[in-house]
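Accompanying notes for the structure given below.
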Amino acid sequence: MDLKKIVPYLIALAIFIFASLAYFSPVLKGKKIQQSDITQFIGSSKEINDFRKENDAEPYWTNTSFGGMPSYAVSTYYPNDYIKKIDRVIRFLPRPADYLFLYFIGFFVLLMVLKVNWKLAILGSLGFGFSTYLIIILGVGHNAKAHAIAYIPLVLSGILMVFQKRYLLGFVITAVAMSLELNASHIQMTYYLMFAVLIYGVVQLIESIKNNELPHFVKSLVVLVGAVVIGIGTNATSLMATQEYAKFSTRSKSELTITPDGKTKEITTGLERDYITQYSYGWSETFNLFIPRFMGGTSHEEVENSELQEFLQNQVNRGLDPSDANYIYRVSSMYWGDQPIVAAPAYIGAIFIFLFVLALFLVKGKLKYWLVAATIFSILMSWGKNLSFLTDFFIDYVPLYNKFRAVSSIQIIAEVCIPLLGILGLNSLISKDISKEVKLNALKWSTIIVGGLALLFTVGGTGLFTFETLRDVGFNDQLESQNINGYLDALVADRQTLFFNDSLRTLLLILGISALIWLFLKEKINQTIVLIGCGVLILFDLVNVDKRYVNDDYFTSARKVDRPYKASDIDKEILKDKSHYRVLNLTVNPMNDGSTSYFHNSIGGYHAAKPRRYQELFDFHIAKGNPEVLNMLNAKYIIGQSESGGVGVEKNDNANGNSWFVNQLNFVTDANQEIIALDSLNTKNTAILRQEYATNLKNTYEIDTTANIKLKTYKSNELIYESNSSSTQFAVFSEIYYKNGWNAYIDGELTNIYPVNYVLRGLEIPKGKHTIEFKFEPTVIQKGNTYTLISYALLLLIPIGWFFIEKRKKLDS
């Protein structure tokens, strides 16, 4: 083994470990990062984790969110998930340093596959990893997204190797990388990766046709399809389970054709158009990639020597209540873009943008065409509703596009492509294959274009934009009606300050990198110095911005992170009730809350893919306070504002309990009738059922005043009831209907479960004493596990067989 070839990788590994731990240094003291999404996740997954500890098994179902849902979408450990074990070995650092390390190492492999100078590859990898967007998603807890993005460069590495005719190694890397990518469980990021790969495929096809290499293209395609299929297969269990739940979630087609206010509803096979495009990048907001606070930074950006703070202090001096002044400050946003809220600008870096433009002049061939085309595509698609004709086309005609929200996230393609082409441009700059004249000309025009743009914004940018939104104007009018004048002027002044400061910052960085390269081309400094200088500028540029939004202040003691919720007096009082019930918490947004699920079975919950019918039930009835719907969901306790203005709890004595007998079934023909019928339904006596499910059921059942049914044993995935009646009865259970896994047994015999009251379960129970068992027994886990094991076998056997076949061919020749 040639040690000289290994040394660069060892150096890179050491630098990446150091950089990851240095940026997130509080982890060395045992602290953990406080991530808002993960805090919510801890609440949502507590019952699942408790079940694991108590039973040493997976429940595959949780009752603490949205009345009940499969745990596939929350937290699930699947059998024989060896890919996850490999991933844990790679991510050996404490979180979130592990994800930052993963960013670095994946991009480094990609650059080495492209034969970039190893020192430059280290520099480029650090720059990629410190991209502001990639850091901020760690700050808010989008761990799965970060995880999936981190493996994108590794997938691209395998694909590029195959097209470099390194078929066997490319096959192995692609298969393993795709396995890891899918195991990260953020299908949206993998879906966006597919677009980048398709664009590369088109460019490669054109290149193959030009060079008469179609057989090579076809062979490469076959190899890659095989690798991707294996990558999918190793994740078959999770993918099949997720796909099964997706049909039950808000990502699926709704059966309703009306809205809660009775209007005609847009028919879609996925998410609604407005929801998909809610987070759309504005056209001018794209300059955030180049100037960090072009649009004001975050929704809660702090400004030194703030004009707004001075204005409010003056108003307080004139008699404004300090609490009112504090409210005005809190609702004021420095961000003035099109998105509802942002945690940080998606800043790729002034230096990388400059190098990207430089590369347009220096890099030749298919890689440049691919990276430029993918970048343009990414930015255009991120505009969403601001480029509606293109976005609508993709929503209406491109498979799966309407299953994902936050179209601005597609900029992750640009997050990969811009640094990649930038480093390829820098690699060309230090190579001897291009003349000095060409390099100087490229530097001149890059400086004119990029530096000129930065100069334009620095000198005249504050006159190009209004720096205000319609909301600002409306709020200003409201304040002026209360004789509070000058608010909007102060707000705009702060936004202009941020804009100017960061425009000037970008201009100085461009001049700095341009001067550094000029000195190198004029042979005033050597290659080592220019690379060190570029590295210093890139890291200064990005880390400085990153630290504005994710820094040591985000960290706290591990105990507080692992146990983020403390039971209030109200929680403690409710928990004295040891029966099985649900809690509605109106002090938070019930459908965007994981805190209640930490202590109770919640009427609400926290998840991006909520159960579709439950979301519709909320919109039509729970949000409007329909008491009968709350009763049928067994909402025994309601937390809300008390008469004294504090927080109180009300016990709902009318809650129907875990199960009850009804004497009337009302049959309806469609989902519209089904959900509307709940408006006036007496849920204790009557249940609603679709006609198509009503085979062999009666409209009425004999009233038996002595009949009873009680829950005797509760587990999240198994409920046991006992019933006794003198005649056949129909029982409704306050449990969510989910046909793919829940089975019902009466005295050990499988029986039909009927979907009633839009979201609940119903059973017809014969007379006499009976034991009724509900068991969650999803067959998708067993089926998926079979495919997974087969795929692991193929992942091992195909490369081994391929290797020996190639070896024999060489011996025979």
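To be explicit about the labels: the chains of the structure tokens are called A, B, and onward in the order shown, and within each one the residues are counted from 1, while ligands get numbers from 1 in the order they are shown.
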
Alpha helix (DSSP H) per DSSP on the backbone: members of region 580-715 of chain A, as a list in words: Ser595, Thr596, Ser597, Tyr598, Phe599, Arg612, Arg613, Tyr614, Gln615, Glu616, Leu617, Pro627, Glu628, Val629, Leu630, Asn631, Met632, Ala671, Asn672, Gln673, Glu674, Ile675 and Ile676 of chain A

Include N, CA and C atoms and write out the residues we just selected as a compact mmCIF listing (two decimals), in the first residue's frame.
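Saved file selection-v4.txt follows:
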```txt
# COMPACT_ATOMS: atom_id res chain seq x y z
N SER A 595 -45.47 19.31 22.66
CA SER A 595 -45.31 19.39 24.11
C SER A 595 -46.40 18.62 24.85
N THR A 596 -47.63 18.73 24.39
CA THR A 596 -48.74 18.03 25.06
C THR A 596 -48.56 16.52 24.96
N SER A 597 -48.03 16.07 23.81
CA SER A 597 -47.83 14.63 23.60
C SER A 597 -46.79 14.04 24.53
N TYR A 598 -45.95 14.88 25.13
CA TYR A 598 -44.92 14.38 26.04
C TYR A 598 -45.55 13.81 27.31
N PHE A 599 -46.68 14.40 27.74
CA PHE A 599 -47.32 13.97 28.98
C PHE A 599 -48.63 13.22 28.76
N ARG A 612 -54.38 12.71 7.10
CA ARG A 612 -55.20 13.62 6.29
C ARG A 612 -56.60 13.78 6.84
N ARG A 613 -57.28 12.68 7.13
CA ARG A 613 -58.65 12.78 7.61
C ARG A 613 -58.72 13.48 8.96
N TYR A 614 -57.70 13.29 9.77
CA TYR A 614 -57.71 13.94 11.07
C TYR A 614 -57.51 15.45 10.91
N GLN A 615 -56.64 15.84 9.97
CA GLN A 615 -56.46 17.27 9.70
C GLN A 615 -57.77 17.89 9.21
N GLU A 616 -58.49 17.15 8.36
CA GLU A 616 -59.77 17.64 7.86
C GLU A 616 -60.80 17.72 8.98
N LEU A 617 -60.78 16.74 9.86
CA LEU A 617 -61.69 16.77 11.01
C LEU A 617 -61.40 17.99 11.87
N PRO A 627 -68.49 20.27 20.16
CA PRO A 627 -68.34 19.48 21.39
C PRO A 627 -68.53 17.99 21.16
N GLU A 628 -69.41 17.62 20.22
CA GLU A 628 -69.66 16.19 20.00
C GLU A 628 -68.44 15.50 19.39
N VAL A 629 -67.71 16.22 18.56
CA VAL A 629 -66.50 15.64 17.99
C VAL A 629 -65.44 15.46 19.08
N LEU A 630 -65.31 16.43 19.97
CA LEU A 630 -64.38 16.29 21.09
C LEU A 630 -64.81 15.14 22.00
N ASN A 631 -66.11 14.97 22.17
CA ASN A 631 -66.61 13.87 23.01
C ASN A 631 -66.25 12.52 22.41
N MET A 632 -66.42 12.38 21.08
CA MET A 632 -66.17 11.07 20.46
C MET A 632 -64.67 10.77 20.42
N ALA A 671 -67.57 11.24 1.17
CA ALA A 671 -66.84 11.87 2.27
C ALA A 671 -67.45 13.21 2.67
N ASN A 672 -67.98 13.96 1.70
CA ASN A 672 -68.60 15.25 2.01
C ASN A 672 -69.75 15.06 3.00
N GLN A 673 -70.64 14.12 2.70
CA GLN A 673 -71.78 13.85 3.59
C GLN A 673 -71.29 13.34 4.93
N GLU A 674 -70.24 12.56 4.90
CA GLU A 674 -69.71 11.95 6.12
C GLU A 674 -69.23 13.01 7.11
N ILE A 675 -68.47 13.98 6.61
CA ILE A 675 -67.91 14.98 7.52
C ILE A 675 -68.94 16.03 7.90
N ILE A 676 -69.85 16.34 6.99
CA ILE A 676 -70.90 17.32 7.30
C ILE A 676 -71.87 16.76 8.34
```

Per residue of region 172-289 of chain A within 10 Å of region 354-377 of chain A, which atom pair is closest and at what distance in Å (one decimal), using only C-alpha atoms, listed by chain and increasing number, as a Markdown table?
```
| residue | atom | partner | partner_atom | distance |
| --- | --- | --- | --- | --- |
| A:Phe195 | CA | A:Ala374 | CA | 7.9 |
| A:Ala196 | CA | A:Ala374 | CA | 5.8 |
| A:Val197 | CA | A:Ala374 | CA | 9.0 |
| A:Leu198 | CA | A:Ala374 | CA | 9.4 |
| A:Ile199 | CA | A:Trp370 | CA | 6.4 |
| A:Tyr200 | CA | A:Trp370 | CA | 5.4 |
| A:Gly201 | CA | A:Trp370 | CA | 8.8 |
| A:Val202 | CA | A:Trp370 | CA | 8.6 |
| A:Val203 | CA | A:Trp370 | CA | 6.2 |
| A:Gln204 | CA | A:Lys366 | CA | 6.9 |
| A:Ile206 | CA | A:Lys366 | CA | 9.0 |
| A:Glu207 | CA | A:Lys366 | CA | 7.1 |
```

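One finds CA of Phe171 (chain A) at 21.8 Å from CA of Ser185 (chain A).
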
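For the atom pair formed by CA of Asp472 (chain A) and CA of Val331 (chain A), the distance is 10.2 Å, given to one decimal.
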
Distance query region 347-349 of chain A at most 9 Å, only C-alpha atoms, self and fewer than 3 positions along chain excluded, as a ChimeraX atom specification: /A:127-128,130-133,287-293,344,352-354,414-415,418-419,506,538,541-542,545-546

Would you output that residue set with C-alpha atoms, as a compact mmCIF listing (two decimals), in the first residue's frame?
```txt
# COMPACT_ATOMS: atom_id res chain seq x y z
CA GLY A 127 -16.60 25.91 2.39
CA PHE A 128 -19.45 23.61 1.39
CA PHE A 130 -20.13 25.96 6.35
CA SER A 131 -22.73 27.18 3.87
CA THR A 132 -25.17 29.14 6.02
CA TYR A 133 -28.22 27.14 5.00
CA PHE A 287 -29.27 37.81 -3.95
CA ASN A 288 -29.24 36.44 -0.36
CA LEU A 289 -26.94 33.80 -1.80
CA PHE A 290 -24.45 36.60 -2.48
CA ILE A 291 -25.19 39.24 0.18
CA PRO A 292 -26.32 37.64 3.45
CA ARG A 293 -28.73 40.26 4.78
CA ALA A 344 -31.47 32.75 8.31
CA PHE A 352 -17.97 31.02 -3.84
CA ILE A 353 -20.22 33.14 -6.07
CA PHE A 354 -17.11 34.89 -7.40
CA ALA A 414 -27.47 25.16 -5.94
CA GLU A 415 -25.91 24.65 -2.50
CA ILE A 418 -22.12 26.52 -6.88
CA PRO A 419 -19.28 25.53 -4.49
CA THR A 506 -19.43 41.42 0.01
CA ILE A 538 -13.87 31.49 2.47
CA ASP A 541 -16.83 34.82 4.98
CA LEU A 542 -19.01 31.84 5.88
CA VAL A 545 -22.21 34.71 8.97
CA ASP A 546 -22.95 31.27 10.42
```

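Non-sequential neighbours of region 639-654 of chain A (distance at most 7 Å, separation of 3 or more positions within a chain, only C-alpha atoms) are Ile570, Leu584, Asn585, Leu586, Thr587, Asn631, Ala635 and Lys636 of chain A.
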
Produce a file of the selected residues containing N, CA and C atoms, as an mmCIF file, in the first residue's frame.
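And here is the file that came out, selection_6.cif:
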```
data_model
loop_
_atom_site.group_PDB
_atom_site.id
_atom_site.type_symbol
_atom_site.label_atom_id
_atom_site.label_comp_id
_atom_site.auth_asym_id
_atom_site.auth_seq_id
_atom_site.Cartn_x
_atom_site.Cartn_y
_atom_site.Cartn_z
ATOM 1 N N ILE A 570 -50.914 21.818 36.129
ATOM 2 C CA ILE A 570 -52.071 21.292 35.397
ATOM 3 C C ILE A 570 -51.770 19.891 34.874
ATOM 4 N N LEU A 584 -56.959 18.124 25.070
ATOM 5 C CA LEU A 584 -56.912 19.201 24.080
ATOM 6 C C LEU A 584 -56.270 20.419 24.735
ATOM 7 N N ASN A 585 -55.159 20.852 24.192
ATOM 8 C CA ASN A 585 -54.429 22.005 24.743
ATOM 9 C C ASN A 585 -54.625 23.206 23.825
ATOM 10 N N LEU A 586 -55.419 24.167 24.277
ATOM 11 C CA LEU A 586 -55.728 25.348 23.482
ATOM 12 C C LEU A 586 -54.785 26.509 23.771
ATOM 13 N N THR A 587 -53.795 26.311 24.639
ATOM 14 C CA THR A 587 -52.821 27.377 24.897
ATOM 15 C C THR A 587 -51.725 27.389 23.838
ATOM 16 N N ASN A 631 -66.114 14.969 22.169
ATOM 17 C CA ASN A 631 -66.613 13.873 23.005
ATOM 18 C C ASN A 631 -66.252 12.520 22.411
ATOM 19 N N ALA A 635 -61.930 13.491 24.491
ATOM 20 C CA ALA A 635 -61.188 14.633 25.028
ATOM 21 C C ALA A 635 -61.715 14.936 26.429
ATOM 22 N N LYS A 636 -61.113 14.301 27.410
ATOM 23 C CA LYS A 636 -61.600 14.385 28.777
ATOM 24 C C LYS A 636 -61.145 15.649 29.487
#
```

Spatial neighbours of Asn427 (chain A), 8 Å, only C-alpha atoms, chain gap at least 2 places, as a list in words: Val116, Asn117, Leu120, Ile423, Leu424, Gly425, Leu429, Ile430 and Ser431 of chain A

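Taking CA of Leu160 (chain A) as the reference point, CA of Leu380 (chain A) is found at 25.1 Å.
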
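The closest residue to Asn658 (chain A), picked from A:Ser734, A:Ser680, A:Asn724, A:Asn592 and counting only C-alpha atoms, is A:Ser734.
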
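Using only C-alpha atoms, the residues found no farther than 10 Å from Gly226 (chain A), other than those of its own chain fewer than 5 positions away, are A:Phe171, A:Thr174, A:Ala175, A:Ser220, A:Leu221, A:Gly231, A:Ile232, A:Leu794, A:Leu795.
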
Write out, as a PDB file, in the first residue's frame, the residues just selected, with C-alpha atoms.
```pdb
ATOM      1  CA  PHE A 171     -21.493   0.661  -8.670  1.00  0.00           C
ATOM      2  CA  THR A 174     -23.527   4.439  -5.699  1.00  0.00           C
ATOM      3  CA  ALA A 175     -25.352   1.505  -4.113  1.00  0.00           C
ATOM      4  CA  SER A 220     -23.358   3.143 -17.315  1.00  0.00           C
ATOM      5  CA  LEU A 221     -27.099   3.617 -17.104  1.00  0.00           C
ATOM      6  CA  GLY A 231     -30.074   1.206  -2.528  1.00  0.00           C
ATOM      7  CA  ILE A 232     -33.860   1.297  -2.542  1.00  0.00           C
ATOM      8  CA  LEU A 794     -27.120  -8.628  -3.846  1.00  0.00           C
ATOM      9  CA  LEU A 795     -24.999  -5.756  -2.532  1.00  0.00           C
TER      10      LEU A 795
END
```

Which residues of region 528-584 of chain A have any atom within 12 Å of an atom in region 695-714 of chain A when counting only C-alpha atoms, and what is the closest pair of atoms for each, with the distance in Å to one decimal? Order the rows by chain and rising number and write it as a tab-separated table.
```
residue	atom	partner	partner_atom	distance
A:Lys578	CA	A:Tyr714	CA	11.1
A:Ser579	CA	A:Leu711	CA	9.1
A:His580	CA	A:Tyr714	CA	7.8
A:Tyr581	CA	A:Leu711	CA	11.0
```

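Closest to Leu470 (chain A) among A:Leu488, A:Leu390, A:Ala73, A:Ile351 is A:Leu488, based on only C-alpha atoms.
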
Test item: residues at most 12 Å from Ala608 (chain A), only C-alpha atoms, excluding those fewer than 3 positions along its chain, as JSON, numbers by chain: {"A": [37, 40, 41, 73, 74, 142, 186, 188, 246, 249, 250, 251, 271, 275, 276, 403, 404, 405, 406, 591, 592, 593, 594, 605, 611, 612, 615]}

DSSP strand (DSSP E) residues within region 535-728 of chain A, as a PyMOL selection string: chain A and resi 555-556+582-585+635-641+647-651+659-662+664-668+686-690+708-715+718-725

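Among the candidates A:Tyr99, A:Tyr60, A:Phe457, A:Tyr245, the one nearest to Asn740 (chain A) when counting only C-alpha atoms is A:Tyr245.
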